[in-house]
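Structure below is protein14.txt: compact mmCIF, C-alpha atoms.
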# COMPACT_ATOMS: atom_id res chain seq x y z
CA MET X 27 0.00 0.00 0.00
CA THR X 28 1.27 3.48 -0.89
CA PHE X 29 0.56 6.26 1.59
CA THR X 30 0.13 9.88 0.50
CA ILE X 31 2.09 12.28 2.70
CA THR X 32 0.12 15.03 4.43
CA GLY X 33 2.59 15.94 7.21
CA ILE X 34 6.24 15.52 8.19
CA ASN X 35 8.24 15.67 11.42
CA THR X 36 11.89 14.86 12.10
CA GLY X 37 14.32 14.27 14.94
CA VAL X 38 17.76 12.77 15.50
CA ILE X 39 18.83 9.80 17.62
CA ARG X 40 22.45 9.96 18.72
CA HIS X 41 24.69 8.08 21.12
CA ALA X 42 27.71 9.73 22.75
CA GLN X 43 27.55 12.56 20.20
CA GLN X 44 27.51 10.03 17.33
CA PHE X 45 24.66 10.01 14.83
CA GLN X 46 22.58 6.84 15.02
CA ALA X 47 19.51 7.57 12.90
CA LEU X 48 17.12 10.20 11.64
CA ALA X 49 13.63 9.80 13.06
CA LEU X 50 11.20 10.57 10.23
CA LYS X 51 7.48 10.59 10.93
CA PHE X 52 4.98 10.79 8.08
CA LYS X 53 1.36 11.74 8.56
CA HIS X 54 -0.81 10.37 5.79
CA GLN X 55 -4.42 9.96 4.75
CA HIS X 56 -7.11 9.16 7.33
CA ASN X 57 -4.99 11.00 9.94
CA GLN X 58 -2.69 7.99 10.40
CA ALA X 59 1.07 8.19 10.87
CA SER X 60 4.19 6.08 10.30
CA LEU X 61 7.50 6.48 12.12
CA ILE X 62 10.80 5.18 10.74
CA PHE X 63 14.45 5.51 11.75
CA ILE X 64 16.99 6.05 8.95
CA PRO X 65 20.75 5.41 9.52
CA ALA X 66 23.40 7.42 7.66
CA LEU X 67 23.83 5.22 4.54
CA PRO X 68 20.16 4.97 3.47
CA LEU X 69 19.75 8.63 4.48
CA GLY X 70 22.49 9.52 1.99
CA ASP X 71 20.67 7.55 -0.71
CA LEU X 72 17.43 9.38 0.09
CA TYR X 73 19.23 12.72 -0.19
CA ILE X 74 20.75 11.79 -3.57
CA TYR X 75 17.32 10.97 -4.96
CA LEU X 76 15.69 14.11 -3.55
CA GLU X 77 18.51 16.24 -4.97
CA HIS X 78 17.93 14.63 -8.37
CA ARG X 79 14.24 15.54 -8.24
CA LEU X 80 15.21 19.13 -7.36
CA TYR X 81 17.55 19.14 -10.36
CA LEU X 82 14.67 18.08 -12.62
CA GLN X 83 12.57 20.90 -11.21
CA GLY X 84 15.30 23.33 -12.23
CA GLN X 85 15.07 22.12 -15.85
CA ARG X 86 11.49 23.32 -16.26
CA ASN X 87 10.68 26.32 -18.43
CA ALA X 88 9.78 29.67 -16.87
CA LYS X 89 6.00 29.14 -17.13
CA ASP X 90 6.16 25.71 -15.51
CA LYS X 91 8.44 27.04 -12.78
CA ALA X 92 5.95 29.76 -11.91
CA THR X 93 3.09 27.25 -11.75
CA PHE X 94 5.19 24.90 -9.65
CA LYS X 95 6.17 27.65 -7.22
CA THR X 96 2.50 28.35 -6.53
CA ARG X 97 1.82 24.64 -5.99
CA GLN X 98 4.87 24.40 -3.73
CA HIS X 99 3.60 27.26 -1.56
CA VAL X 100 0.23 25.53 -1.12
CA ALA X 101 1.91 22.19 -0.31
CA THR X 102 4.25 23.80 2.23
CA GLN X 103 1.39 25.51 4.04
CA SER X 104 -0.54 22.25 4.15
CA LEU X 105 2.44 20.36 5.60
CA HIS X 106 2.95 23.04 8.24
CA HIS X 107 -0.65 22.58 9.39
CA ASN X 108 -0.38 18.78 9.62
CA ILE X 109 2.85 18.15 11.54
CA PRO X 110 2.55 14.82 13.39
CA GLU X 111 3.66 14.67 17.01
CA LEU X 112 7.17 13.30 17.55
CA ASN X 113 8.36 13.23 21.15
CA GLN X 114 11.42 12.02 23.01
CA GLU X 115 9.68 8.92 24.32
CA GLN X 116 8.87 7.74 20.79
CA MET X 117 12.53 8.09 19.81
CA LEU X 118 13.95 6.55 22.99
CA HIS X 119 11.72 3.49 22.65
CA ALA X 120 12.31 2.96 18.95
CA ASP X 121 11.17 -0.42 17.67
CA ILE X 122 13.93 -2.26 15.77
CA ARG X 123 11.30 -3.15 13.16
CA GLN X 124 11.05 0.55 12.30
CA ARG X 125 14.75 0.76 11.40
CA VAL X 126 15.39 1.40 7.70
CA THR X 127 17.89 -0.99 6.10
CA GLY X 128 17.55 0.31 2.55
CA PHE X 129 16.00 3.00 0.36
CA ALA X 130 14.99 2.97 -3.30
CA PRO X 131 12.71 5.15 -5.40
CA GLY X 132 9.56 3.56 -6.75
CA GLU X 133 7.35 4.69 -9.61
CA ALA X 134 7.99 8.25 -10.76
CA LYS X 135 4.98 10.25 -11.89
CA GLN X 136 4.52 13.71 -13.38
CA GLN X 137 4.06 15.47 -10.04
CA GLY X 138 6.04 13.25 -7.70
CA SER X 139 7.37 9.79 -6.98
CA GLU X 140 7.20 6.87 -4.59
CA LEU X 141 9.77 6.43 -1.84
CA ILE X 142 10.29 2.82 -0.76
CA PHE X 143 11.88 2.18 2.63
CA THR X 144 12.89 -1.39 3.44
CA LEU X 145 12.64 -2.00 7.18
CA GLN X 146 14.30 -4.45 9.53
CA GLY X 147 12.72 -7.83 8.85
CA GLU X 148 12.21 -7.02 5.13
CA ASN X 149 8.89 -5.21 5.58
CA GLN X 150 8.46 -2.10 3.42
CA LEU X 151 6.91 1.32 3.82
CA THR X 152 5.98 3.06 0.57
CA VAL X 153 4.97 6.71 0.54
CA PHE X 154 4.13 9.07 -2.31
CA LEU X 155 6.08 12.33 -2.13
CA ASP X 156 4.79 15.22 -4.23
CA ASP X 157 7.66 17.17 -5.82
CA ALA X 158 6.15 20.27 -4.22
CA GLN X 159 6.88 18.72 -0.80
CA ILE X 160 10.57 18.01 -1.40
CA ALA X 161 11.98 21.38 -0.35
CA LEU X 162 10.23 21.25 3.02
CA LEU X 163 11.28 17.61 3.60
CA ILE X 164 14.93 18.46 2.94
CA SER X 165 14.65 21.53 5.17
CA ALA X 166 13.11 19.49 7.99
CA ILE X 167 15.83 16.82 7.79
CA SER X 168 18.64 19.38 7.64
CA HIS X 169 17.14 21.35 10.54
CA ALA X 170 16.97 18.24 12.73
CA ILE X 171 20.55 17.20 11.94
CA ASN X 172 21.99 20.68 12.50
CA ASN X 173 20.00 21.17 15.71
CA ALA X 174 21.57 17.95 16.98
CA GLY X 175 25.04 19.36 16.31
CA MET X 176 25.70 16.92 13.46
CA HIS X 177 27.20 19.56 11.13
CA GLU X 178 29.89 17.20 9.87
CA LEU X 179 27.23 14.72 8.75
CA SER X 180 25.41 17.50 6.87
CA LEU X 181 28.61 18.51 5.08
CA ARG X 182 29.47 14.90 4.26
CA ILE X 183 26.07 14.20 2.71
CA ALA X 184 25.99 17.52 0.82
CA SER X 185 29.43 16.94 -0.71
CA LEU X 186 28.44 13.62 -2.31
CA LEU X 187 25.12 14.46 -3.98
CA ASP X 188 26.09 15.45 -7.52
CA PHE X 189 28.25 12.48 -8.57
CA LEU X 190 28.88 8.78 -8.01
CA PRO X 191 32.39 7.34 -7.62
CA MET X 192 32.78 4.16 -9.70
CA TYR X 193 36.48 3.19 -9.48
CA ASP X 194 39.58 4.54 -7.72
CA THR X 195 43.02 3.52 -8.97
CA ASP X 196 46.75 3.70 -8.36
CA MET X 197 48.64 3.87 -11.65
CA LYS X 198 51.76 1.73 -12.12
CA ASP X 199 54.59 2.39 -14.59
CA ASN X 200 54.41 -1.18 -15.88
CA GLY X 201 50.90 -0.59 -17.21
CA GLU X 202 49.12 -2.23 -14.30
CA MET X 203 46.56 -0.62 -12.00
CA GLU X 204 45.45 -1.39 -8.49
CA TYR X 205 41.82 -0.38 -8.10
CA ASP X 206 38.81 -0.34 -5.81
CA THR X 207 35.23 -0.64 -7.08
CA TYR X 208 32.16 1.10 -5.68
CA GLN X 209 28.91 -0.84 -5.89
CA HIS X 210 25.72 1.11 -6.62
CA PRO X 211 22.15 0.01 -7.37
CA ALA X 212 20.98 0.57 -10.93
CA TRP X 213 18.48 3.29 -9.95
CA LYS X 214 21.26 5.45 -8.55
CA ILE X 215 23.51 5.07 -11.60
CA GLU X 216 20.61 6.09 -13.86
CA LEU X 217 20.27 9.46 -12.08
CA PHE X 218 23.50 10.66 -13.71
CA THR X 219 24.40 11.07 -17.36
CA HIS X 220 28.16 11.55 -17.95
CA TYR X 221 31.13 9.34 -17.13
CA LEU X 222 34.25 11.32 -16.32
CA ALA X 223 37.80 10.06 -15.94
CA LEU X 224 40.04 12.07 -13.60
CA VAL X 225 43.76 11.56 -13.05
CA TYR X 226 45.69 13.10 -10.16
CA HIS X 227 49.41 13.67 -10.90
CA PHE X 228 51.57 14.29 -7.84
CA THR X 229 55.12 13.98 -6.51
CA ASP X 230 55.73 11.44 -3.72
CA GLU X 231 58.04 11.84 -0.70
CA ASN X 232 60.96 10.51 -2.77
CA GLY X 233 60.50 13.09 -5.50
CA GLN X 234 59.05 10.56 -7.94
CA GLN X 235 56.10 11.37 -10.18
CA GLN X 236 53.05 9.27 -9.30
CA ALA X 237 49.41 9.20 -10.32
CA CYS X 238 46.02 8.07 -9.05
CA GLY X 239 42.79 8.00 -10.99
CA THR X 240 39.08 7.92 -10.41
CA LEU X 241 36.09 7.28 -12.62
CA ILE X 242 32.85 9.02 -11.65
CA LYS X 243 29.39 9.46 -13.09
CA SER X 244 27.95 12.97 -12.88
CA ARG X 245 25.64 15.43 -14.57
CA ILE X 246 28.48 17.66 -15.76
CA ARG X 247 30.19 17.07 -19.09
CA GLY X 248 33.87 17.67 -18.56
CA ASP X 249 33.58 21.19 -17.13
CA MET X 250 37.08 21.57 -15.70
CA LYS X 251 36.20 23.81 -12.76
CA GLU X 252 33.28 21.66 -11.57
CA ALA X 253 35.13 18.40 -12.21
CA GLN X 254 38.13 19.53 -10.20
CA ALA X 255 35.85 20.59 -7.35
CA ILE X 256 34.38 17.08 -7.33
CA ALA X 257 37.90 15.61 -7.47
CA GLN X 258 38.80 17.45 -4.27
CA ARG X 259 35.54 16.58 -2.49
CA LEU X 260 36.07 12.88 -3.19
CA LEU X 261 39.45 12.66 -1.42
CA PRO X 262 38.26 12.43 2.23
CA PHE X 263 35.88 9.57 1.43
CA SER X 264 38.09 7.39 -0.77
CA PRO X 265 40.43 4.97 1.06
CA ARG X 266 42.76 4.90 -1.95
CA LEU X 267 42.75 8.65 -2.68
CA LYS X 268 42.74 9.90 0.90
CA LYS X 269 46.56 10.01 0.87
CA LEU X 270 46.35 12.92 -1.59
CA GLU X 271 44.59 15.27 0.87
CA GLY X 272 46.69 18.41 1.20
CA LYS X 273 49.12 17.37 -1.57
CA PRO X 274 49.63 19.59 -4.63
CA CYS X 275 48.10 17.73 -7.57
CA ARG X 276 47.65 18.35 -11.26
CA ILE X 277 44.23 17.02 -12.25
CA SER X 278 43.34 15.94 -15.77
CA VAL X 279 39.74 15.32 -16.86
CA ALA X 280 38.15 13.52 -19.82
CA THR X 281 34.49 12.78 -20.64
CA LEU X 282 34.13 9.12 -21.64
CA ALA X 283 30.47 8.50 -22.37
CA SER X 284 26.99 9.83 -21.81
CA GLY X 285 23.72 8.12 -21.05
CA LYS X 286 21.89 6.36 -18.24
CA GLY X 287 23.49 2.97 -18.79
CA LEU X 288 26.47 1.37 -17.11
CA LEU X 289 29.96 1.74 -18.60
CA SER X 290 31.83 -1.56 -18.48
CA GLN X 291 34.67 -1.91 -16.00
CA GLN X 292 37.12 -2.83 -18.77
CA HIS X 293 36.22 0.25 -20.80
CA GLY X 294 36.37 2.56 -17.81
CA LEU X 295 39.72 1.36 -16.48
CA ARG X 296 41.28 1.37 -19.95
CA ALA X 297 40.13 4.97 -20.49
CA LEU X 298 41.60 5.99 -17.13
CA TYR X 299 44.97 4.53 -18.04
CA GLN X 300 44.92 6.14 -21.48
CA LEU X 301 44.25 9.53 -19.88
CA TYR X 302 47.15 8.90 -17.51
CA GLN X 303 49.50 8.08 -20.40
CA LYS X 304 48.33 11.11 -22.37
CA THR X 305 48.82 13.57 -19.53
CA GLN X 306 51.74 12.26 -17.48
CA GLN X 307 54.36 14.23 -19.43
CA MET X 308 52.50 17.54 -19.29
CA PRO X 309 54.10 20.37 -17.32
CA ALA X 310 53.35 20.12 -13.61
CA LYS X 311 50.67 22.45 -12.33
CA ALA X 312 49.36 22.17 -8.81
CA GLU X 313 45.60 22.40 -8.27

Can the structure in the file be given as structure tokens, please?
Amino acid sequence: MTFTITGINTGVIRHAQQFQALALKFKHQHNQASLIFIPALPLGDLYIYLEHRLYLQGQRNAKDKATFKTRQHVATQSLHHNIPELNQEQMLHADIRQRVTGFAPGEAKQQGSELIFTLQGENQLTVFLDDAQIALLISAISHAINNAGMHELSLRIASLLDFLPMYDTDMKDNGEMEYDTYQHPAWKIELFTHYLALVYHFTDENGQQQACGTLIKSRIRGDMKEAQAIAQRLLPFSPRLKKLEGKPCRISVATLASGKGLLSQQHGLRALYQLYQKTQQMPAKAE
């Protein structure tokens, strides 16, 4: 059964200053309510999908944007008048069966889409979120996290919304690569359109020229400034690239392919190495 959202409330559960879960309570038709608890990983997936829907809103023409803004105002007022009660006792006595173990979008429609939350024990909660409700939902989640002092979590989630890392590599002079692979569900890969190869050239502690690479999928098509910003934001979250934090690097970028489909691992890694070979002799320039 799919519930239509009529109200939203949020809170944060933490333990010893560590984020445990976002408490998200939906009020829906017939004045009923559902309470779920979302840990950091599925919360990040939810944010990525909501950000994608916001991006689609931004692609509308001026007339549609004006109409949507009016509809958004009405939806926001309605949500403000239907906030379900969420108190400390409800969060302290959270039922493990209300814990979210996974998120995925369901059917997308013209004015909104389904959000499917898989709960502990494999039960599911499916709600329909109108696009006009997204801005308030994001605001409510962000407000709860920031009020709980979880600013680092907010920054971490925000920095990983506009791209997906696919592979990280260390380049070897003998033509070999050591690499790590990121696993993503198909729905998430389909949110982005362009595969970009990025190579980081740097000098190690022995004065030798070295290189690392990463393959990402994003909405940008090789824009150097945006791609390099993503390259820097990726460093703290990549076990293989983390060693480059604070190091002067020259970053090279190439667009490999466009479309919703999946680029094969062989194609992606070969393209990364070709970009490395093409750019390794270029004059050093720290970024």

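Interatomic distance, atom CA of Asn35 of chain X against atom CA of Arg86 of chain X: 28.9 Å.
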
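Between atom CA of Ile122 of chain X and atom CA of Thr144 of chain X the interatomic distance comes to 12.4 Å.
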
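For the atom pair formed by atom CA of Ala280 of chain X and atom CA of Leu260 of chain X, the distance is 16.8 Å, given to one decimal.
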
Task: Shell of 12 Å around His210 of chain X, only C-alpha atoms, local chain residues under 2 positions omitted, as a VMD selection string - done: chain X and resid 71 130 189 to 193 207 to 208 212 to 217 242 to 243 288

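Here the selection is built from all atoms listed in the file, and the residues within 9 Å of (40.9, -0.1, -16.3) turn out to be Tyr193, Thr195, Glu202, Met203, Tyr205, Gln291, Gln292, His293, Gly294, Leu295, Arg296, Ala297, Leu298 and Tyr299 of chain X.
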
- [ ] Using all atoms listed in the file, determine which residues lie at most 9 Å from Leu72 of chain X, disregarding the query and same-chain residues fewer than 4 positions distant; provide the list as an MDAnalysis selection string.
- [x] chainID X and resid 67:68 76:77 129:131 141

- [ ] Show which residues sit within 7 Å of segment 49-66 of chain X, as a list in words. Count all atoms listed in the file, and ignore same-chain residues fewer than 6 positions away.
- [x] Phe29, Thr30, Ile31, Thr32, Gly33, Ile34, Asn35, Thr36, Gly37, Val38, Ile39, Pro110, Gln124, Arg125 and Val126 of chain X

Open item on the list: Ranking X:Arg266, X:Asn113, X:Ser284, X:Ala237 by minimum distance to Gln307 of chain X and counting all atoms listed in the file, which one comes first?
Closed with: X:Ala237

Open item on the list: Using all atoms listed in the file, which protein or nucleic acid residues come within 12 Å of Leu179 of chain X? Drop anything in the same chain fewer than 5 positions from it, and give the result as a ChimeraX atom specification.
Closed with: /X:38,43-48,65-67,69-70,167-168,170-174,184-186

Task: Pick from X:Glu178, X:Asn200, X:Ile160, X:Pro211 nearest to Arg97 of chain X, counting only C-alpha atoms - done: X:Ile160

Task: Long-range neighbours of Thr102 of chain X as a PyMOL selection string, 8 Å cut-off, only C-alpha atoms, 6 positions minimum in chain - done: chain X and resi 158-159+162

Please report, as JSON, the centre and edge lengths in Å to one decimal of an axis-aligned box covering all listed atoms of segment 211-219 of chain X with 4 Å per side.
{"center_x": 21.4, "center_y": 5.5, "center_z": -12.4, "size_x": 13.9, "size_y": 19.1, "size_z": 18.0}

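Nearest-residue note for Lys286 of chain X: choosing from X:Ser244, X:Thr229, X:Gln136, X:Asn149, the minimum distance belongs to X:Ser244, counting all atoms listed in the file.
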
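Comparing X:Gly175, X:Ser264, X:Glu140, X:Gln303 by their smallest distance to Lys198 of chain X, the closest is X:Gln303 (using all atoms listed in the file).
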